[in-house]
Amino acid sequence: MVRPTFGRPVLRREDGRFLKGKGVYVPDVGLPGTAEAVVKRSPHAHALIRDLDISEAAGAPGVVAVITARDLTDTGIYRPYHKSPPAFANLLKPLEKGHDVPLLAAGRVRRVGEPIALVVAENRYLAEDAAGLIRVDYEPLEPVLDPEAGLRPEAPVIHEELGDNTQSGVRVVAGDPDGAMAAADHRATFRFTIRRQIGSPLGPRAVLARFDPEEGLTVWSATQMQHLARKVIGGILGLAEDRIRVICPDMGGSFGGGVYYEDILIPYLARRVGRPVRWIEDRTENLVNARHARDQVHDVEVGFDSRGRVLALRDRILVDMGIANFYGLVVPYNTISHLRSQYRIDNYEAEATCVITNKTPNAPARGAGRVTAAFVIERVLERVARRLDLDPAEVRRINLIPSDAMPFDTGVPYRDGKPSVYDSGDFPAQLEMALEAIGYQDFRARQARLRAEGRHVGIGIAAHMEGTGFGPPESAIVRVDGSGAVTILSGSNNHGQSHETTLAQVCADALGVDIDNISLRDGDTALVRQGGGTFASRTAVTGSMAVAGAAGKLRQKAIEIAARLHGLDAGGLTVIDGIIRDGSGNRITTLAEVARTAGNEAGYGEPTGGKARLEAIDSFASPTVTWASGTHIVTLEVDRDTGQVELERYVIAHDAGNIINPAVVEGQIVGGVVHGIGNALSEEAVYDEAGNLLTAGFVDYRLPRAIEVPPIEVHHQEFPSPLNELGIKGCGEGGTVGAPAAIANAVEDALRPLDLRITEMPLQPEKLLKYIHKAEAAAAHSRT
């Protein structure tokens, strides 16, 4: 396949409209007669609802409707919709118990922020005023706010149908972990805690819905998965999917959001009141109610020899799921299947248990399950190196999977039920690339000099693996009209990943046209019948292959039409810059001319309804995941008196297979690293003993600032994946995955004279000071 744009840093084509303020978001969509909705939410983490009085609110000025659980009848239950793939379930025999989650609380509330009622009024101000008039009589109950406490026999049961607070669990075993552990020269145990965090997209969520008895339901939503949203909305509201159109306009990020209560309730209200209804989330609502992430506790046992080679690894994982598990075993199994990372650890056992608590639901966010996996294995290797007084880089060299073992079967299945086989890569070379880029030996020499001066500088290494391209088939239509303009219709939708650029590059190469002639339409269920959506680092793999397939079909169709019309052999024709030429380079016709002809040619083209166009459709599902990888190295300095961490340099060597656009890939990686910096040093969702979220604003939930981000260098490896013709792997999450582990390792290295042991993330200054003071006290005690 000729690829004139593939691998070139084509400028992002979508940036112009965003920089000029011409993006169109859900709040920008104006429909005549739109009413505004406000959600009345629970102030308690766990309580019975003894009485709910909406009479005063219903009679307030401008109020159109007030609904509670009593109004929803059969629509009142939102059952978690994700189940593990059947092959996965049959292979691993996981525990999964279903439970019901009401769209509006009925008789009991189970978290702060849980929806109790919705108020619809002529404008937001009137709706807010009316919501304040709703009277609720609560009987508080004891909340469960810790997963270990939730497993105790005396713990309150949050969902009675579960019988206890265990919702799901899974266990995998590879090799002989018991035998290898018993035979190991050294053994150690650790507990690692990865605290709860929040995705915090630039734009909070919003939903607008309109119902027409003739046309059906149209929903505008800030969702990653418009086709899934359509399915869920239709299933709960009892509407055929063909009667529902879901549109995702421009959006300010999502980070694993999925389908929310409001995505269902606002369409319900629009149908009920007979006019458009819109709900726009504020930032506090987002932080309290948008699904949270991470929140895992790991009890790890490791056996290793005197060279630092890990011989056996065992992990017991508790995952705090909040009040509902909407994604089944996705997050815990992502952790299990990624935990050994790039390292050859043949004897492995991991068991994860998902526990229900009275918090916001826990769901996938960028690096779902993988961030915690990387943190655990990299902290283990760091401690092994420390215990044996070995260089951390050398311990990694000893444990890395060698290049001649690729492709490498990890010995456990992925969550699609298929073997987890690292498809391509060279991990030792990747480590050396990163070490050389950071100047590892030079840093060690400088570190010794600075330590003599009383400064605390450190370097941290972390590798990551990233299963990419997962999920259902993605589809695309490529169309040429009578003017020669090319349009891509994609089932995937863009919220920062540069689809308008990269998919156009793939299309330009596969079809043989100038990229400037191509436009993209996406985020709309009316465009294509099937679409998986944008999540799990999958669009570069699935979306690109669907576009390439459709463009290739269209190219061949145009050539065949041209050959028939001109009495030529189709095998001798090609398309260059939109012109169909023969083997000698002579012009035969153009794609535009073929498009104007195709609709009238029996046996060619799709039904055009009288329009001059030529189109083809294709879909693609990867046979299993492709495996991207990266090695992160960061240098930093710690202020021992304040606990402040200043990042100095950040280097990542990364393999995303064949790269469509280096600038886009680097942007994804750098953005991911910044996300990971926040995860490592500042972002934590903190609850008080009553279940109130204390970090409900950006003053307390602190995102990384530009001044805290060091120079980030990206160095590319390109080991093509054999699982798709373009050799592509995904790259959307890897920058985040390795960052917290690398930073934690560097902080511990900087404070090595204190023998400080970091066991959790994030490391806010006040938390790091506690580590420092504890280590100082231990050192003082040992001297006495």
# chains A, B, ... in the order shown; residues from 1 in each chain; ligands from 1
call {"tool": "select_by_dssp", "arguments": {"residues": "range 295-442 of chain A", "states": "alpha helix (DSSP H)", "output": "number ranges by chain"}}
result
A: 330-338, 370-388, 392-399, 427-438, 440-442
call {"tool": "residues_around", "arguments": {"residues": "range 58-75 of chain A", "least_positions_apart": "3", "cutoff": "10 Å", "atoms": "only C-alpha atoms", "output": "number ranges by chain"}}
result
A: 35-40, 52-55, 78, 102-107, 115-123, 125-127, 129-131, 133-134, 235-238, 264-265, 268-269, 272-273
call {"tool": "write_last_selection", "arguments": {"atoms": "N, CA and C atoms", "output": "compact mmCIF listing (two decimals), in the first residue's frame"}}
result
# COMPACT_ATOMS: atom_id res chain seq x y z
N ALA A 35 -36.20 23.50 27.86
CA ALA A 35 -36.28 23.66 29.31
C ALA A 35 -35.00 23.14 29.94
N GLU A 36 -34.72 23.61 31.15
CA GLU A 36 -33.47 23.23 31.81
C GLU A 36 -33.76 22.33 33.01
N ALA A 37 -32.89 21.34 33.22
CA ALA A 37 -33.07 20.38 34.31
C ALA A 37 -31.98 20.55 35.35
N VAL A 38 -32.35 20.30 36.59
CA VAL A 38 -31.43 20.30 37.72
C VAL A 38 -31.69 19.04 38.52
N VAL A 39 -30.62 18.43 39.01
CA VAL A 39 -30.74 17.19 39.77
C VAL A 39 -30.70 17.49 41.26
N LYS A 40 -31.68 16.99 41.99
CA LYS A 40 -31.66 17.03 43.45
C LYS A 40 -30.90 15.81 43.93
N LEU A 52 -40.54 12.04 51.07
CA LEU A 52 -40.05 12.89 49.98
C LEU A 52 -41.22 13.73 49.49
N ASP A 53 -41.15 15.05 49.73
CA ASP A 53 -42.25 15.96 49.41
C ASP A 53 -41.79 16.93 48.32
N ILE A 54 -42.42 16.83 47.14
CA ILE A 54 -42.06 17.69 46.02
C ILE A 54 -43.14 18.72 45.72
N SER A 55 -44.17 18.78 46.56
CA SER A 55 -45.34 19.61 46.23
C SER A 55 -44.98 21.08 46.08
N TYR A 78 -31.54 1.00 36.65
CA TYR A 78 -30.41 1.04 35.71
C TYR A 78 -29.47 -0.08 36.15
N PRO A 102 -30.95 2.13 41.02
CA PRO A 102 -32.06 2.95 40.51
C PRO A 102 -31.55 4.23 39.86
N LEU A 103 -32.26 4.65 38.81
CA LEU A 103 -31.93 5.93 38.19
C LEU A 103 -32.16 7.08 39.15
N LEU A 104 -33.21 6.97 39.94
CA LEU A 104 -33.48 7.91 41.03
C LEU A 104 -33.67 7.09 42.30
N ALA A 105 -33.08 7.53 43.39
CA ALA A 105 -33.08 6.75 44.62
C ALA A 105 -34.51 6.42 45.05
N ALA A 106 -34.73 5.17 45.41
CA ALA A 106 -36.06 4.71 45.81
C ALA A 106 -35.96 4.08 47.19
N GLY A 107 -36.36 4.83 48.21
CA GLY A 107 -36.39 4.30 49.56
C GLY A 107 -35.08 4.37 50.30
N PRO A 115 -28.76 10.78 42.71
CA PRO A 115 -29.95 11.51 42.29
C PRO A 115 -31.20 11.03 43.03
N ILE A 116 -31.98 12.00 43.49
CA ILE A 116 -33.24 11.71 44.18
C ILE A 116 -34.43 12.19 43.35
N ALA A 117 -34.26 13.35 42.73
CA ALA A 117 -35.33 13.93 41.92
C ALA A 117 -34.73 14.81 40.85
N LEU A 118 -35.51 15.06 39.81
CA LEU A 118 -35.13 16.00 38.76
C LEU A 118 -36.19 17.06 38.64
N VAL A 119 -35.73 18.29 38.54
CA VAL A 119 -36.63 19.43 38.36
C VAL A 119 -36.38 20.01 36.97
N VAL A 120 -37.46 20.23 36.22
CA VAL A 120 -37.38 20.86 34.91
C VAL A 120 -38.12 22.18 34.98
N ALA A 121 -37.45 23.24 34.55
CA ALA A 121 -38.06 24.57 34.60
C ALA A 121 -37.67 25.36 33.36
N GLU A 122 -38.22 26.55 33.24
CA GLU A 122 -37.99 27.37 32.05
C GLU A 122 -36.54 27.79 31.91
N ASN A 123 -35.83 27.91 33.03
CA ASN A 123 -34.40 28.20 32.96
C ASN A 123 -33.70 27.59 34.16
N TYR A 125 -31.98 28.93 36.58
CA TYR A 125 -32.15 29.62 37.87
C TYR A 125 -33.43 29.18 38.56
N LEU A 126 -34.52 29.12 37.81
CA LEU A 126 -35.79 28.69 38.38
C LEU A 126 -35.73 27.23 38.80
N ALA A 127 -35.03 26.42 38.03
CA ALA A 127 -34.91 25.00 38.38
C ALA A 127 -34.09 24.82 39.67
N ASP A 129 -33.79 27.03 42.10
CA ASP A 129 -34.62 27.51 43.21
C ASP A 129 -35.65 26.46 43.61
N ALA A 130 -36.27 25.84 42.62
CA ALA A 130 -37.30 24.84 42.91
C ALA A 130 -36.70 23.60 43.56
N ALA A 131 -35.52 23.19 43.11
CA ALA A 131 -34.89 22.01 43.71
C ALA A 131 -34.64 22.22 45.19
N LEU A 133 -36.56 23.59 47.18
CA LEU A 133 -37.83 23.47 47.90
C LEU A 133 -38.26 22.03 48.13
N ILE A 134 -37.54 21.07 47.57
CA ILE A 134 -37.86 19.65 47.78
C ILE A 134 -37.47 19.27 49.20
N GLY A 235 -32.94 0.45 25.55
CA GLY A 235 -33.32 -0.68 26.38
C GLY A 235 -34.06 -0.28 27.63
N ILE A 236 -33.66 0.82 28.26
CA ILE A 236 -34.30 1.23 29.50
C ILE A 236 -35.61 1.97 29.25
N LEU A 237 -35.66 2.80 28.21
CA LEU A 237 -36.88 3.56 27.93
C LEU A 237 -37.88 2.79 27.06
N GLY A 238 -37.48 1.62 26.58
CA GLY A 238 -38.40 0.83 25.78
C GLY A 238 -38.62 1.38 24.38
N ILE A 264 -29.98 8.91 30.42
CA ILE A 264 -31.27 8.22 30.31
C ILE A 264 -32.40 9.11 30.81
N LEU A 265 -32.17 9.81 31.92
CA LEU A 265 -33.23 10.60 32.53
C LEU A 265 -33.64 11.81 31.69
N TYR A 268 -35.84 10.71 28.90
CA TYR A 268 -37.14 10.36 29.50
C TYR A 268 -37.97 11.62 29.74
N LEU A 269 -37.33 12.64 30.28
CA LEU A 269 -38.05 13.89 30.57
C LEU A 269 -38.50 14.58 29.29
N ARG A 272 -41.53 12.96 28.20
CA ARG A 272 -42.61 13.19 29.16
C ARG A 272 -43.23 14.57 29.03
N VAL A 273 -42.38 15.61 28.90
CA VAL A 273 -42.91 16.98 28.90
C VAL A 273 -43.20 17.49 27.50
call {"tool": "atom_distance", "arguments": {"atom1": "CA of Arg110 in chain A", "atom2": "CA of Ala536 in chain A"}}
result
29.2 Å
call {"tool": "residues_around", "arguments": {"residues": "range 775-784 of chain A", "least_positions_apart": "2", "cutoff": "6 Å", "atoms": "only C-alpha atoms", "output": "ChimeraX atom specification"}}
result
/A:754,756,772-773
call {"tool": "closest_residue", "arguments": {"among": "A:Gly531, A:Pro428, A:Gly578, A:Pro364", "to": "Asp514 in chain A", "atoms": "only C-alpha atoms"}}
result
A:Gly578
call {"tool": "closest_residue", "arguments": {"among": "A:Gln296, A:Ser492, A:Gln556, A:Thr631", "to": "Val376 in chain A", "atoms": "only C-alpha atoms"}}
result
A:Gln296
call {"tool": "atom_distance", "arguments": {"atom1": "CA of Val172 in chain A", "atom2": "CA of Gly735 in chain A"}}
result
26.9 Å
call {"tool": "closest_residue", "arguments": {"among": "A:Trp279, A:Phe326, A:Tyr343, A:Tyr650", "to": "Val310 in chain A", "atoms": "only C-alpha atoms"}}
result
A:Tyr343
call {"tool": "closest_residue", "arguments": {"among": "A:His159, A:His654, A:Arg152, A:Arg613", "to": "Asp100 in chain A", "atoms": "only C-alpha atoms"}}
result
A:His159
call {"tool": "residues_around", "arguments": {"residues": "Gly150 in chain A", "least_positions_apart": "3", "cutoff": "7 Å", "atoms": "only C-alpha atoms", "output": "list in words"}}
result
Val144, Asp146, Pro147, Ala155, Asn165, Val355 and Thr357 of chain A
call {"tool": "write_last_selection", "arguments": {"atoms": "N, CA and C atoms", "output": "PDB file, in the first residue's frame"}}
result
ATOM      1  N   VAL A 144     -20.377   2.445  54.589  1.00  0.00           N
ATOM      2  CA  VAL A 144     -19.168   1.639  54.402  1.00  0.00           C
ATOM      3  C   VAL A 144     -18.246   2.433  53.488  1.00  0.00           C
ATOM      4  N   ASP A 146     -14.642   1.898  53.415  1.00  0.00           N
ATOM      5  CA  ASP A 146     -13.354   1.242  53.259  1.00  0.00           C
ATOM      6  C   ASP A 146     -13.611  -0.190  52.800  1.00  0.00           C
ATOM      7  N   PRO A 147     -12.946  -0.646  51.750  1.00  0.00           N
ATOM      8  CA  PRO A 147     -13.250  -1.986  51.237  1.00  0.00           C
ATOM      9  C   PRO A 147     -12.943  -3.101  52.225  1.00  0.00           C
ATOM     10  N   ALA A 155     -20.348  -5.727  58.719  1.00  0.00           N
ATOM     11  CA  ALA A 155     -20.517  -4.537  57.885  1.00  0.00           C
ATOM     12  C   ALA A 155     -21.950  -4.444  57.359  1.00  0.00           C
ATOM     13  N   ASN A 165     -21.015  -7.435  50.642  1.00  0.00           N
ATOM     14  CA  ASN A 165     -20.512  -6.320  49.849  1.00  0.00           C
ATOM     15  C   ASN A 165     -19.481  -6.735  48.806  1.00  0.00           C
ATOM     16  N   VAL A 355     -15.227  -4.679  45.841  1.00  0.00           N
ATOM     17  CA  VAL A 355     -16.037  -4.468  47.029  1.00  0.00           C
ATOM     18  C   VAL A 355     -16.914  -3.236  46.832  1.00  0.00           C
ATOM     19  N   THR A 357     -18.893  -0.069  48.210  1.00  0.00           N
ATOM     20  CA  THR A 357     -18.849   0.885  49.322  1.00  0.00           C
ATOM     21  C   THR A 357     -19.796   2.043  49.028  1.00  0.00           C
TER      22      THR A 357
END
call {"tool": "closest_residue", "arguments": {"among": "A:Pro249, A:Gly471, A:Pro267, A:Pro156", "to": "Ile356 in chain A", "atoms": "only C-alpha atoms"}}
result
A:Pro156
call {"tool": "atom_distance", "arguments": {"atom1": "CA of Thr635 in chain A", "atom2": "CA of Leu751 in chain A"}}
result
12.7 Å
call {"tool": "residues_around", "arguments": {"residues": "Leu520 in chain A", "least_positions_apart": "6", "cutoff": "12 Å", "atoms": "only C-alpha atoms", "output": "compact mmCIF listing (two decimals) with all heavy atoms, in the first residue's frame"}}
result
# COMPACT_ATOMS: atom_id res chain seq x y z
N ARG A 13 -5.65 19.04 11.94
CA ARG A 13 -6.59 19.80 11.12
C ARG A 13 -7.74 20.36 11.94
O ARG A 13 -8.42 21.29 11.52
CB ARG A 13 -7.12 18.90 10.00
CG ARG A 13 -5.99 18.22 9.22
CD ARG A 13 -6.49 17.16 8.28
NE ARG A 13 -6.98 17.76 7.04
CZ ARG A 13 -8.04 17.33 6.38
NH1 ARG A 13 -8.75 16.34 6.85
NH2 ARG A 13 -8.40 17.91 5.25
N GLU A 14 -7.99 19.80 13.13
CA GLU A 14 -9.12 20.25 13.94
C GLU A 14 -8.79 21.46 14.82
O GLU A 14 -9.69 22.10 15.37
CB GLU A 14 -9.64 19.12 14.83
CG GLU A 14 -8.60 18.31 15.58
CD GLU A 14 -8.10 17.12 14.79
OE1 GLU A 14 -8.70 16.04 14.89
OE2 GLU A 14 -7.10 17.27 14.07
N ALA A 476 -16.75 2.25 9.20
CA ALA A 476 -16.53 3.53 8.52
C ALA A 476 -17.10 3.46 7.11
O ALA A 476 -17.11 2.39 6.48
CB ALA A 476 -15.05 3.88 8.47
N ILE A 477 -17.57 4.58 6.65
CA ILE A 477 -17.98 4.76 5.26
C ILE A 477 -17.07 5.83 4.66
O ILE A 477 -16.80 6.85 5.30
CB ILE A 477 -19.45 5.21 5.15
CG1 ILE A 477 -20.39 4.13 5.70
CG2 ILE A 477 -19.82 5.56 3.71
CD1 ILE A 477 -21.84 4.57 5.81
N VAL A 478 -16.57 5.57 3.46
CA VAL A 478 -15.81 6.58 2.73
C VAL A 478 -16.60 6.90 1.46
O VAL A 478 -17.02 5.99 0.74
CB VAL A 478 -14.39 6.12 2.39
CG1 VAL A 478 -13.68 7.17 1.55
CG2 VAL A 478 -13.61 5.83 3.67
N ARG A 479 -16.81 8.17 1.21
CA ARG A 479 -17.70 8.62 0.13
C ARG A 479 -17.01 9.69 -0.70
O ARG A 479 -16.35 10.59 -0.15
CB ARG A 479 -18.98 9.17 0.76
CG ARG A 479 -19.97 9.80 -0.17
CD ARG A 479 -21.17 10.34 0.62
NE ARG A 479 -21.86 9.27 1.32
CZ ARG A 479 -22.68 9.47 2.36
NH1 ARG A 479 -22.86 10.68 2.84
NH2 ARG A 479 -23.29 8.44 2.92
N ALA A 485 -14.92 15.79 -3.64
CA ALA A 485 -14.68 15.87 -2.20
C ALA A 485 -14.89 14.49 -1.58
O ALA A 485 -15.82 13.76 -1.93
CB ALA A 485 -15.62 16.89 -1.56
N VAL A 486 -14.04 14.16 -0.61
CA VAL A 486 -14.10 12.86 0.07
C VAL A 486 -14.56 13.09 1.51
O VAL A 486 -14.05 13.96 2.21
CB VAL A 486 -12.72 12.18 0.06
CG1 VAL A 486 -12.79 10.82 0.77
CG2 VAL A 486 -12.21 12.02 -1.36
N THR A 487 -15.52 12.28 1.93
CA THR A 487 -16.02 12.36 3.30
C THR A 487 -15.87 11.00 3.97
O THR A 487 -16.23 9.98 3.40
CB THR A 487 -17.51 12.77 3.33
OG1 THR A 487 -17.66 14.02 2.65
CG2 THR A 487 -18.00 12.92 4.77
N ILE A 488 -15.33 11.02 5.19
CA ILE A 488 -15.27 9.82 6.02
C ILE A 488 -16.39 9.91 7.03
O ILE A 488 -16.55 10.92 7.72
CB ILE A 488 -13.93 9.73 6.77
CG1 ILE A 488 -12.75 9.77 5.81
CG2 ILE A 488 -13.89 8.47 7.63
CD1 ILE A 488 -11.41 9.97 6.53
N LEU A 489 -17.17 8.85 7.15
CA LEU A 489 -18.16 8.73 8.21
C LEU A 489 -17.66 7.65 9.15
O LEU A 489 -17.49 6.50 8.74
CB LEU A 489 -19.53 8.36 7.64
CG LEU A 489 -20.05 9.19 6.47
CD1 LEU A 489 -21.42 8.68 6.02
CD2 LEU A 489 -20.13 10.66 6.86
N SER A 490 -17.41 8.01 10.39
CA SER A 490 -16.77 7.08 11.32
C SER A 490 -17.66 6.80 12.52
O SER A 490 -18.34 7.70 13.03
CB SER A 490 -15.43 7.64 11.81
OG SER A 490 -14.86 6.82 12.81
N GLY A 491 -17.63 5.55 12.99
CA GLY A 491 -18.36 5.20 14.20
C GLY A 491 -17.63 5.59 15.46
O GLY A 491 -18.21 5.60 16.54
N SER A 492 -16.36 5.91 15.35
CA SER A 492 -15.59 6.40 16.48
C SER A 492 -15.80 7.90 16.59
O SER A 492 -16.13 8.56 15.61
CB SER A 492 -14.11 6.08 16.27
OG SER A 492 -13.35 6.40 17.40
N ASN A 493 -15.63 8.46 17.77
CA ASN A 493 -15.80 9.91 17.90
C ASN A 493 -14.61 10.55 18.59
O ASN A 493 -13.95 9.94 19.43
CB ASN A 493 -17.10 10.26 18.63
CG ASN A 493 -17.15 9.75 20.05
OD1 ASN A 493 -16.99 8.56 20.29
ND2 ASN A 493 -17.37 10.62 21.00
N ASN A 494 -14.35 11.77 18.21
CA ASN A 494 -13.12 12.47 18.56
C ASN A 494 -13.34 13.35 19.78
O ASN A 494 -14.25 14.17 19.80
CB ASN A 494 -12.70 13.32 17.36
CG ASN A 494 -11.41 14.08 17.61
OD1 ASN A 494 -10.62 13.73 18.47
ND2 ASN A 494 -11.20 15.13 16.84
N SER A 498 -7.44 13.59 17.67
CA SER A 498 -7.04 14.02 16.32
C SER A 498 -7.53 13.10 15.22
O SER A 498 -6.84 12.86 14.23
CB SER A 498 -5.50 14.15 16.22
OG SER A 498 -5.01 15.10 17.10
N HIS A 499 -8.76 12.61 15.36
CA HIS A 499 -9.32 11.76 14.31
C HIS A 499 -9.38 12.47 12.97
O HIS A 499 -9.18 11.85 11.92
CB HIS A 499 -10.75 11.32 14.69
CG HIS A 499 -10.81 10.45 15.90
ND1 HIS A 499 -11.98 9.91 16.38
CD2 HIS A 499 -9.84 10.01 16.74
CE1 HIS A 499 -11.74 9.19 17.44
NE2 HIS A 499 -10.45 9.25 17.69
N GLU A 500 -9.67 13.76 12.99
CA GLU A 500 -9.81 14.50 11.73
C GLU A 500 -8.50 14.52 10.95
O GLU A 500 -8.51 14.68 9.72
CB GLU A 500 -10.29 15.93 12.00
CG GLU A 500 -11.71 15.99 12.54
CD GLU A 500 -12.16 17.42 12.81
OE1 GLU A 500 -11.84 18.29 12.00
OE2 GLU A 500 -12.84 17.65 13.83
N THR A 501 -7.41 14.35 11.67
CA THR A 501 -6.10 14.34 11.02
C THR A 501 -5.68 12.92 10.66
O THR A 501 -5.40 12.61 9.49
CB THR A 501 -5.05 14.97 11.95
OG1 THR A 501 -5.49 16.28 12.33
CG2 THR A 501 -3.70 15.07 11.25
N THR A 502 -5.63 12.04 11.65
CA THR A 502 -5.07 10.71 11.41
C THR A 502 -5.95 9.86 10.51
O THR A 502 -5.44 9.14 9.63
CB THR A 502 -4.81 9.99 12.74
OG1 THR A 502 -6.01 9.97 13.51
CG2 THR A 502 -3.73 10.70 13.53
N LEU A 503 -7.27 9.90 10.70
CA LEU A 503 -8.13 9.11 9.82
C LEU A 503 -8.08 9.64 8.40
O LEU A 503 -8.17 8.87 7.43
CB LEU A 503 -9.57 9.10 10.35
CG LEU A 503 -9.79 8.39 11.69
CD1 LEU A 503 -11.28 8.34 12.04
CD2 LEU A 503 -9.20 6.99 11.70
N ALA A 504 -7.93 10.96 8.26
CA ALA A 504 -7.79 11.53 6.92
C ALA A 504 -6.48 11.08 6.27
O ALA A 504 -6.42 10.83 5.06
CB ALA A 504 -7.86 13.05 6.98
N GLN A 505 -5.40 10.97 7.06
CA GLN A 505 -4.14 10.49 6.51
C GLN A 505 -4.27 9.06 6.01
O GLN A 505 -3.80 8.72 4.91
CB GLN A 505 -3.04 10.56 7.58
CG GLN A 505 -2.55 11.95 7.88
CD GLN A 505 -1.42 11.95 8.89
OE1 GLN A 505 -1.61 12.34 10.03
NE2 GLN A 505 -0.24 11.52 8.46
N VAL A 506 -4.90 8.21 6.79
CA VAL A 506 -5.09 6.82 6.38
C VAL A 506 -5.93 6.75 5.12
O VAL A 506 -5.63 6.01 4.18
CB VAL A 506 -5.74 6.02 7.53
CG1 VAL A 506 -6.19 4.64 7.04
CG2 VAL A 506 -4.79 5.90 8.71
N CYS A 507 -7.00 7.54 5.08
CA CYS A 507 -7.88 7.55 3.91
C CYS A 507 -7.14 8.07 2.67
O CYS A 507 -7.28 7.49 1.58
CB CYS A 507 -9.10 8.42 4.20
SG CYS A 507 -10.29 8.49 2.85
N ALA A 508 -6.37 9.12 2.81
CA ALA A 508 -5.64 9.70 1.68
C ALA A 508 -4.72 8.66 1.05
O ALA A 508 -4.63 8.54 -0.18
CB ALA A 508 -4.85 10.92 2.13
N LEU A 527 -24.86 8.29 11.19
CA LEU A 527 -23.86 8.21 10.13
C LEU A 527 -23.56 6.78 9.73
O LEU A 527 -23.47 6.46 8.54
CB LEU A 527 -22.57 8.90 10.57
CG LEU A 527 -22.67 10.39 10.90
CD1 LEU A 527 -21.33 10.90 11.42
CD2 LEU A 527 -23.09 11.18 9.68
N VAL A 547 -11.40 2.59 8.19
CA VAL A 547 -11.29 3.62 7.15
C VAL A 547 -10.44 3.12 5.99
O VAL A 547 -10.79 3.29 4.81
CB VAL A 547 -10.69 4.92 7.74
CG1 VAL A 547 -10.31 5.90 6.63
CG2 VAL A 547 -11.68 5.57 8.70
call {"tool": "select_by_dssp", "arguments": {"residues": "range 474-570 of chain A", "states": "strand (DSSP E or B)", "output": "PyMOL selection string"}}
result
chain A and resi 474-481+486-490+518-521+524
call {"tool": "closest_residue", "arguments": {"among": "A:Gly179, A:Gly308, A:Gly549, A:Pro361", "to": "Ala324 in chain A", "atoms": "only C-alpha atoms"}}
result
A:Pro361
call {"tool": "residues_around", "arguments": {"residues": "Pro27 in chain A", "least_positions_apart": "6", "cutoff": "9 Å", "atoms": "only C-alpha atoms", "output": "PyMOL selection string"}}
result
chain A and resi 206-208+278-280
call {"tool": "write_last_selection", "arguments": {"atoms": "all heavy atoms", "output": "tab-separated table (two decimals), in the first residue's frame"}}
result
chain	number	residue	atom	x	y	z
A	206	ALA	N	-22.84	17.01	29.73
A	206	ALA	CA	-24.06	17.72	29.37
A	206	ALA	C	-24.90	16.80	28.50
A	206	ALA	O	-24.37	15.98	27.75
A	206	ALA	CB	-23.75	19.01	28.62
A	207	VAL	N	-26.23	16.92	28.62
A	207	VAL	CA	-27.16	16.12	27.82
A	207	VAL	C	-28.32	17.03	27.39
A	207	VAL	O	-28.85	17.80	28.18
A	207	VAL	CB	-27.73	14.93	28.62
A	207	VAL	CG1	-28.62	14.06	27.71
A	207	VAL	CG2	-26.63	14.10	29.24
A	208	LEU	N	-28.68	16.92	26.12
A	208	LEU	CA	-29.84	17.61	25.56
A	208	LEU	C	-30.65	16.58	24.80
A	208	LEU	O	-30.09	15.76	24.06
A	208	LEU	CB	-29.39	18.73	24.61
A	208	LEU	CG	-30.44	19.38	23.72
A	208	LEU	CD1	-31.48	20.15	24.55
A	208	LEU	CD2	-29.78	20.32	22.70
A	278	ARG	N	-32.62	20.09	28.65
A	278	ARG	CA	-31.15	20.08	28.70
A	278	ARG	C	-30.69	20.09	30.15
A	278	ARG	O	-31.29	20.74	31.01
A	278	ARG	CB	-30.58	21.30	27.97
A	278	ARG	CG	-29.06	21.40	28.00
A	278	ARG	CD	-28.54	22.51	27.11
A	278	ARG	NE	-29.06	23.81	27.49
A	278	ARG	CZ	-28.88	24.92	26.78
A	278	ARG	NH1	-28.22	24.86	25.62
A	278	ARG	NH2	-29.38	26.06	27.19
A	279	TRP	N	-29.61	19.35	30.39
A	279	TRP	CA	-28.95	19.36	31.69
A	279	TRP	C	-27.47	19.60	31.47
A	279	TRP	O	-26.84	18.98	30.62
A	279	TRP	CB	-29.15	18.02	32.40
A	279	TRP	CG	-28.28	17.84	33.60
A	279	TRP	CD1	-28.46	18.37	34.84
A	279	TRP	CD2	-27.08	17.06	33.69
A	279	TRP	NE1	-27.46	17.98	35.70
A	279	TRP	CE2	-26.60	17.18	35.02
A	279	TRP	CE3	-26.37	16.28	32.77
A	279	TRP	CZ2	-25.43	16.54	35.44
A	279	TRP	CZ3	-25.21	15.64	33.20
A	279	TRP	CH2	-24.76	15.77	34.52
A	280	ILE	N	-26.90	20.55	32.23
A	280	ILE	CA	-25.47	20.87	32.13
A	280	ILE	C	-24.87	20.75	33.52
A	280	ILE	O	-25.32	21.39	34.47
A	280	ILE	CB	-25.26	22.30	31.58
A	280	ILE	CG1	-25.90	22.44	30.19
A	280	ILE	CG2	-23.76	22.62	31.51
A	280	ILE	CD1	-25.88	23.86	29.67
call {"tool": "residues_around", "arguments": {"residues": "Asp51 in chain A", "least_positions_apart": "2", "cutoff": "7 Å", "atoms": "only C-alpha atoms", "output": "PyMOL selection string"}}
result
chain A and resi 49+53+136-137
